[in-house]
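Text of protein_15.cif, listed as mmCIF, N, CA, C and O atoms:
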data_protein
#
loop_
_atom_site.label_atom_id
_atom_site.label_comp_id
_atom_site.auth_asym_id
_atom_site.auth_seq_id
_atom_site.Cartn_x
_atom_site.Cartn_y
_atom_site.Cartn_z
N MET A 157 0.84 -1.17 0.00
CA MET A 157 0.00 0.00 0.00
C MET A 157 0.89 1.24 0.00
O MET A 157 1.89 1.31 0.69
N PHE A 158 0.52 2.25 -0.78
CA PHE A 158 1.26 3.51 -0.87
C PHE A 158 0.54 4.56 -0.05
O PHE A 158 -0.66 4.73 -0.15
N ARG A 159 1.32 5.25 0.79
CA ARG A 159 0.76 6.37 1.56
C ARG A 159 1.59 7.61 1.29
O ARG A 159 2.81 7.57 1.40
N ALA A 160 0.92 8.67 0.96
CA ALA A 160 1.63 9.93 0.70
C ALA A 160 2.03 10.57 2.02
O ALA A 160 1.30 10.50 3.00
N LYS A 161 3.20 11.16 2.02
CA LYS A 161 3.65 11.90 3.19
C LYS A 161 2.88 13.21 3.27
O LYS A 161 2.58 13.82 2.25
N PRO A 162 2.59 13.68 4.48
CA PRO A 162 1.95 14.99 4.59
C PRO A 162 2.88 16.07 4.04
O PRO A 162 4.09 15.98 4.18
N ASN A 163 2.30 17.04 3.41
CA ASN A 163 3.07 18.15 2.85
C ASN A 163 3.31 19.16 3.96
O ASN A 163 2.42 19.87 4.38
N ASN A 164 4.53 19.25 4.41
CA ASN A 164 4.89 20.20 5.46
C ASN A 164 5.68 21.37 4.91
O ASN A 164 6.53 21.93 5.57
N SER A 165 5.42 21.72 3.66
CA SER A 165 6.19 22.78 3.02
C SER A 165 5.83 24.17 3.51
O SER A 165 6.51 25.13 3.22
N GLY A 166 4.73 24.30 4.24
CA GLY A 166 4.34 25.61 4.75
C GLY A 166 3.43 26.38 3.82
O GLY A 166 3.09 27.51 4.09
N GLY A 167 3.01 25.78 2.72
CA GLY A 167 2.14 26.48 1.76
C GLY A 167 0.82 26.90 2.35
O GLY A 167 0.34 28.01 2.13
N ASP A 168 0.20 26.01 3.14
CA ASP A 168 -1.08 26.35 3.76
C ASP A 168 -0.92 27.49 4.75
O ASP A 168 -1.74 28.40 4.80
N GLU A 169 0.14 27.44 5.55
CA GLU A 169 0.37 28.49 6.52
C GLU A 169 0.66 29.83 5.84
O GLU A 169 0.21 30.86 6.27
N LEU A 170 1.41 29.78 4.75
CA LEU A 170 1.70 31.00 4.00
C LEU A 170 0.42 31.64 3.51
O LEU A 170 0.21 32.83 3.67
N PHE A 171 -0.48 30.83 2.92
CA PHE A 171 -1.74 31.38 2.43
C PHE A 171 -2.58 31.92 3.58
O PHE A 171 -3.16 32.99 3.49
N ARG A 172 -2.63 31.20 4.67
CA ARG A 172 -3.48 31.59 5.79
C ARG A 172 -3.02 32.88 6.45
O ARG A 172 -3.84 33.70 6.84
N TYR A 173 -1.70 33.09 6.59
CA TYR A 173 -1.20 34.24 7.33
C TYR A 173 -0.68 35.37 6.46
O TYR A 173 -0.63 36.51 6.89
N ALA A 174 -0.25 35.09 5.25
CA ALA A 174 0.31 36.13 4.41
C ALA A 174 -0.70 36.67 3.40
O ALA A 174 -0.59 37.79 2.95
N LEU A 175 -1.68 35.86 3.07
CA LEU A 175 -2.71 36.26 2.11
C LEU A 175 -4.09 36.13 2.75
O LEU A 175 -4.29 35.30 3.62
N GLY A 176 -4.99 36.94 2.29
CA GLY A 176 -6.37 36.85 2.74
C GLY A 176 -7.30 36.70 1.55
O GLY A 176 -6.98 37.13 0.45
N MET A 177 -8.43 36.04 1.76
CA MET A 177 -9.40 35.87 0.69
C MET A 177 -10.78 36.25 1.24
O MET A 177 -11.12 35.88 2.36
N LEU A 178 -11.52 36.98 0.45
CA LEU A 178 -12.83 37.46 0.87
C LEU A 178 -13.77 37.41 -0.32
O LEU A 178 -13.40 37.78 -1.43
N VAL A 179 -14.98 36.93 -0.09
CA VAL A 179 -16.04 36.98 -1.10
C VAL A 179 -16.96 38.12 -0.69
O VAL A 179 -17.49 38.13 0.43
N THR A 180 -17.14 39.09 -1.57
CA THR A 180 -17.91 40.27 -1.21
C THR A 180 -19.40 39.99 -1.19
O THR A 180 -19.90 39.10 -1.87
N SER A 181 -20.11 40.78 -0.39
CA SER A 181 -21.56 40.68 -0.28
C SER A 181 -22.12 42.09 -0.31
O SER A 181 -21.86 42.89 0.58
N GLY A 182 -22.84 42.40 -1.37
CA GLY A 182 -23.42 43.74 -1.51
C GLY A 182 -22.80 44.50 -2.66
O GLY A 182 -21.78 44.09 -3.22
N ASN A 183 -23.43 45.60 -3.04
CA ASN A 183 -23.00 46.38 -4.20
C ASN A 183 -22.56 47.79 -3.84
O ASN A 183 -22.56 48.67 -4.69
N SER A 184 -22.17 48.02 -2.59
CA SER A 184 -21.88 49.39 -2.18
C SER A 184 -20.64 49.97 -2.87
O SER A 184 -20.48 51.18 -2.92
N MET A 185 -19.76 49.13 -3.42
CA MET A 185 -18.56 49.64 -4.11
C MET A 185 -18.66 49.43 -5.62
O MET A 185 -17.67 49.51 -6.32
N SER A 186 -19.87 49.17 -6.11
CA SER A 186 -20.10 48.97 -7.54
C SER A 186 -19.78 50.26 -8.28
O SER A 186 -20.05 51.34 -7.77
N PRO A 187 -19.17 50.26 -9.42
CA PRO A 187 -18.81 49.14 -10.28
C PRO A 187 -17.42 48.58 -10.04
O PRO A 187 -17.02 47.62 -10.67
N THR A 188 -16.65 49.17 -9.09
CA THR A 188 -15.29 48.68 -8.85
C THR A 188 -15.30 47.26 -8.32
O THR A 188 -14.56 46.40 -8.79
N ILE A 189 -16.13 47.00 -7.31
CA ILE A 189 -16.28 45.67 -6.73
C ILE A 189 -17.75 45.33 -6.75
O ILE A 189 -18.57 46.07 -6.23
N GLU A 190 -18.07 44.19 -7.36
CA GLU A 190 -19.46 43.75 -7.48
C GLU A 190 -19.79 42.71 -6.41
O GLU A 190 -18.89 42.14 -5.78
N ASP A 191 -21.08 42.45 -6.21
CA ASP A 191 -21.53 41.41 -5.29
C ASP A 191 -20.94 40.06 -5.71
O ASP A 191 -20.91 39.73 -6.89
N ARG A 192 -20.43 39.31 -4.75
CA ARG A 192 -19.84 37.98 -4.94
C ARG A 192 -18.49 37.99 -5.66
O ARG A 192 -18.03 36.94 -6.11
N ASP A 193 -17.85 39.14 -5.79
CA ASP A 193 -16.47 39.17 -6.30
C ASP A 193 -15.56 38.54 -5.25
O ASP A 193 -15.82 38.61 -4.05
N ILE A 194 -14.48 37.94 -5.71
CA ILE A 194 -13.49 37.35 -4.82
C ILE A 194 -12.28 38.28 -4.77
O ILE A 194 -11.75 38.67 -5.80
N ILE A 195 -11.88 38.63 -3.56
CA ILE A 195 -10.75 39.52 -3.36
C ILE A 195 -9.66 38.74 -2.64
O ILE A 195 -9.91 38.12 -1.61
N ILE A 196 -8.46 38.76 -3.19
CA ILE A 196 -7.30 38.17 -2.54
C ILE A 196 -6.39 39.32 -2.16
O ILE A 196 -6.06 40.17 -2.98
N SER A 197 -5.99 39.34 -0.89
CA SER A 197 -5.20 40.47 -0.40
C SER A 197 -3.92 39.98 0.26
O SER A 197 -3.82 38.83 0.68
N SER A 198 -2.97 40.87 0.36
CA SER A 198 -1.72 40.59 1.06
C SER A 198 -1.82 41.16 2.47
O SER A 198 -2.22 42.30 2.66
N ASN A 199 -1.45 40.35 3.45
CA ASN A 199 -1.48 40.80 4.84
C ASN A 199 -0.11 41.28 5.32
O ASN A 199 0.05 41.58 6.49
N ILE A 200 0.86 41.32 4.42
CA ILE A 200 2.20 41.78 4.78
C ILE A 200 2.65 42.83 3.78
O ILE A 200 2.13 42.92 2.68
N PHE A 201 3.62 43.61 4.17
CA PHE A 201 4.20 44.64 3.30
C PHE A 201 3.14 45.57 2.72
O PHE A 201 3.02 45.74 1.53
N PHE A 202 2.35 46.17 3.58
CA PHE A 202 1.28 47.04 3.10
C PHE A 202 1.31 48.37 3.83
O PHE A 202 1.32 48.42 5.05
N SER A 203 1.37 49.44 3.07
CA SER A 203 1.18 50.77 3.63
C SER A 203 0.17 51.46 2.73
O SER A 203 0.45 51.75 1.57
N PRO A 204 -1.05 51.68 3.24
CA PRO A 204 -2.12 52.22 2.40
C PRO A 204 -1.79 53.59 1.84
O PRO A 204 -1.15 54.42 2.49
N GLU A 205 -2.21 53.79 0.61
CA GLU A 205 -2.06 55.08 -0.06
C GLU A 205 -3.43 55.53 -0.54
O GLU A 205 -4.38 54.76 -0.58
N ARG A 206 -3.52 56.78 -0.92
CA ARG A 206 -4.78 57.34 -1.41
C ARG A 206 -5.31 56.50 -2.57
O ARG A 206 -4.55 56.07 -3.44
N ASN A 207 -6.61 56.23 -2.58
CA ASN A 207 -7.34 55.47 -3.59
C ASN A 207 -7.10 53.96 -3.53
O ASN A 207 -7.55 53.24 -4.41
N ASP A 208 -6.40 53.45 -2.50
CA ASP A 208 -6.26 52.01 -2.33
C ASP A 208 -7.57 51.43 -1.79
O ASP A 208 -8.33 52.11 -1.10
N ILE A 209 -7.81 50.17 -2.10
CA ILE A 209 -8.92 49.42 -1.51
C ILE A 209 -8.33 48.66 -0.34
O ILE A 209 -7.34 47.94 -0.48
N ILE A 210 -8.92 48.82 0.85
CA ILE A 210 -8.40 48.15 2.02
C ILE A 210 -9.45 47.22 2.62
O ILE A 210 -10.65 47.43 2.47
N LEU A 211 -8.97 46.17 3.27
CA LEU A 211 -9.82 45.22 3.98
C LEU A 211 -9.46 45.29 5.45
O LEU A 211 -8.30 45.35 5.81
N PHE A 212 -10.48 45.27 6.32
CA PHE A 212 -10.23 45.24 7.76
C PHE A 212 -11.42 44.61 8.45
O PHE A 212 -12.48 44.44 7.85
N GLN A 213 -11.24 44.24 9.71
CA GLN A 213 -12.33 43.70 10.50
C GLN A 213 -12.86 44.78 11.42
O GLN A 213 -12.09 45.48 12.08
N ASP A 214 -14.20 44.92 11.46
CA ASP A 214 -14.80 45.88 12.37
C ASP A 214 -14.85 45.31 13.78
O ASP A 214 -14.41 44.19 14.03
N GLU A 215 -15.39 46.09 14.72
CA GLU A 215 -15.41 45.67 16.11
C GLU A 215 -16.28 44.42 16.36
O GLU A 215 -16.13 43.76 17.38
N ASN A 216 -17.17 44.08 15.41
CA ASN A 216 -18.01 42.89 15.54
C ASN A 216 -17.40 41.68 14.81
O ASN A 216 -18.03 40.62 14.78
N GLY A 217 -16.21 41.84 14.22
CA GLY A 217 -15.55 40.72 13.55
C GLY A 217 -15.91 40.54 12.09
O GLY A 217 -15.49 39.58 11.47
N PHE A 218 -16.68 41.48 11.53
CA PHE A 218 -17.05 41.39 10.12
C PHE A 218 -15.94 41.99 9.25
O PHE A 218 -15.36 43.01 9.62
N ASP A 219 -15.67 41.34 8.12
CA ASP A 219 -14.70 41.89 7.15
C ASP A 219 -15.35 43.04 6.42
O ASP A 219 -16.48 42.94 5.95
N VAL A 220 -14.63 44.15 6.32
CA VAL A 220 -15.14 45.36 5.67
C VAL A 220 -14.18 45.74 4.55
O VAL A 220 -12.97 45.68 4.72
N VAL A 221 -14.74 46.14 3.41
CA VAL A 221 -13.94 46.60 2.26
C VAL A 221 -14.21 48.08 2.10
O VAL A 221 -15.37 48.51 2.02
N LYS A 222 -13.17 48.89 2.05
CA LYS A 222 -13.32 50.34 1.86
C LYS A 222 -12.38 50.80 0.80
O LYS A 222 -11.29 50.32 0.64
#
Write-out of the structure in structure tokens:
Amino acid sequence: MFRAKPNNSGGDELFRYALGMLVTSGNSMSPTIEDRDIIISSNIFFSPERNDIILFQDENGFDVVK
């Protein structure tokens, strides 16, 4: 019987901590971002500038796109 070794390369951890993924709900940023668009963001090396789209969690734990 063949058993694959678990992949301990760190790929899952890299995605989980260095990148973020969000599926949008609502049309408040239309036409730039539509309902059900998928946003992938970087959680490292970020300094916001004017006209950037940012993701953050509000005090209730909801992801917010601005």
Point to revise | Reference answer for the PyMOL selection byres ((chain A and resi 195-209) around 5), as an MDAnalysis selection string | key: chainID A and resid 173:179 193:194 210:211 222
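Distance-wise, atom O of Asp219 of chain A and atom N of Thr180 of chain A end up 8.5 Å apart.
When the PyMOL selection byres ((chain A and resi 191) around 6) is run on the displayed coordinates, the residues it returns are Thr180, Ser181, Gly182, Asn183, Ile189, Glu190, Arg192 and Asp193 of chain A.
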So that all listed atoms of segment 176-194 of chain A fit with 3 Å spare on each side, what axis-aligned box centre and edge lengths in Å, to one decimal, would you give as JSON?
{"center_x": -14.2, "center_y": 43.6, "center_z": -4.0, "size_x": 24.4, "size_y": 21.5, "size_z": 19.4}
Review point. Atom O of Thr188 of chain A and atom C of Gln213 of chain A are how many Å apart?
Key: 20.3 Å
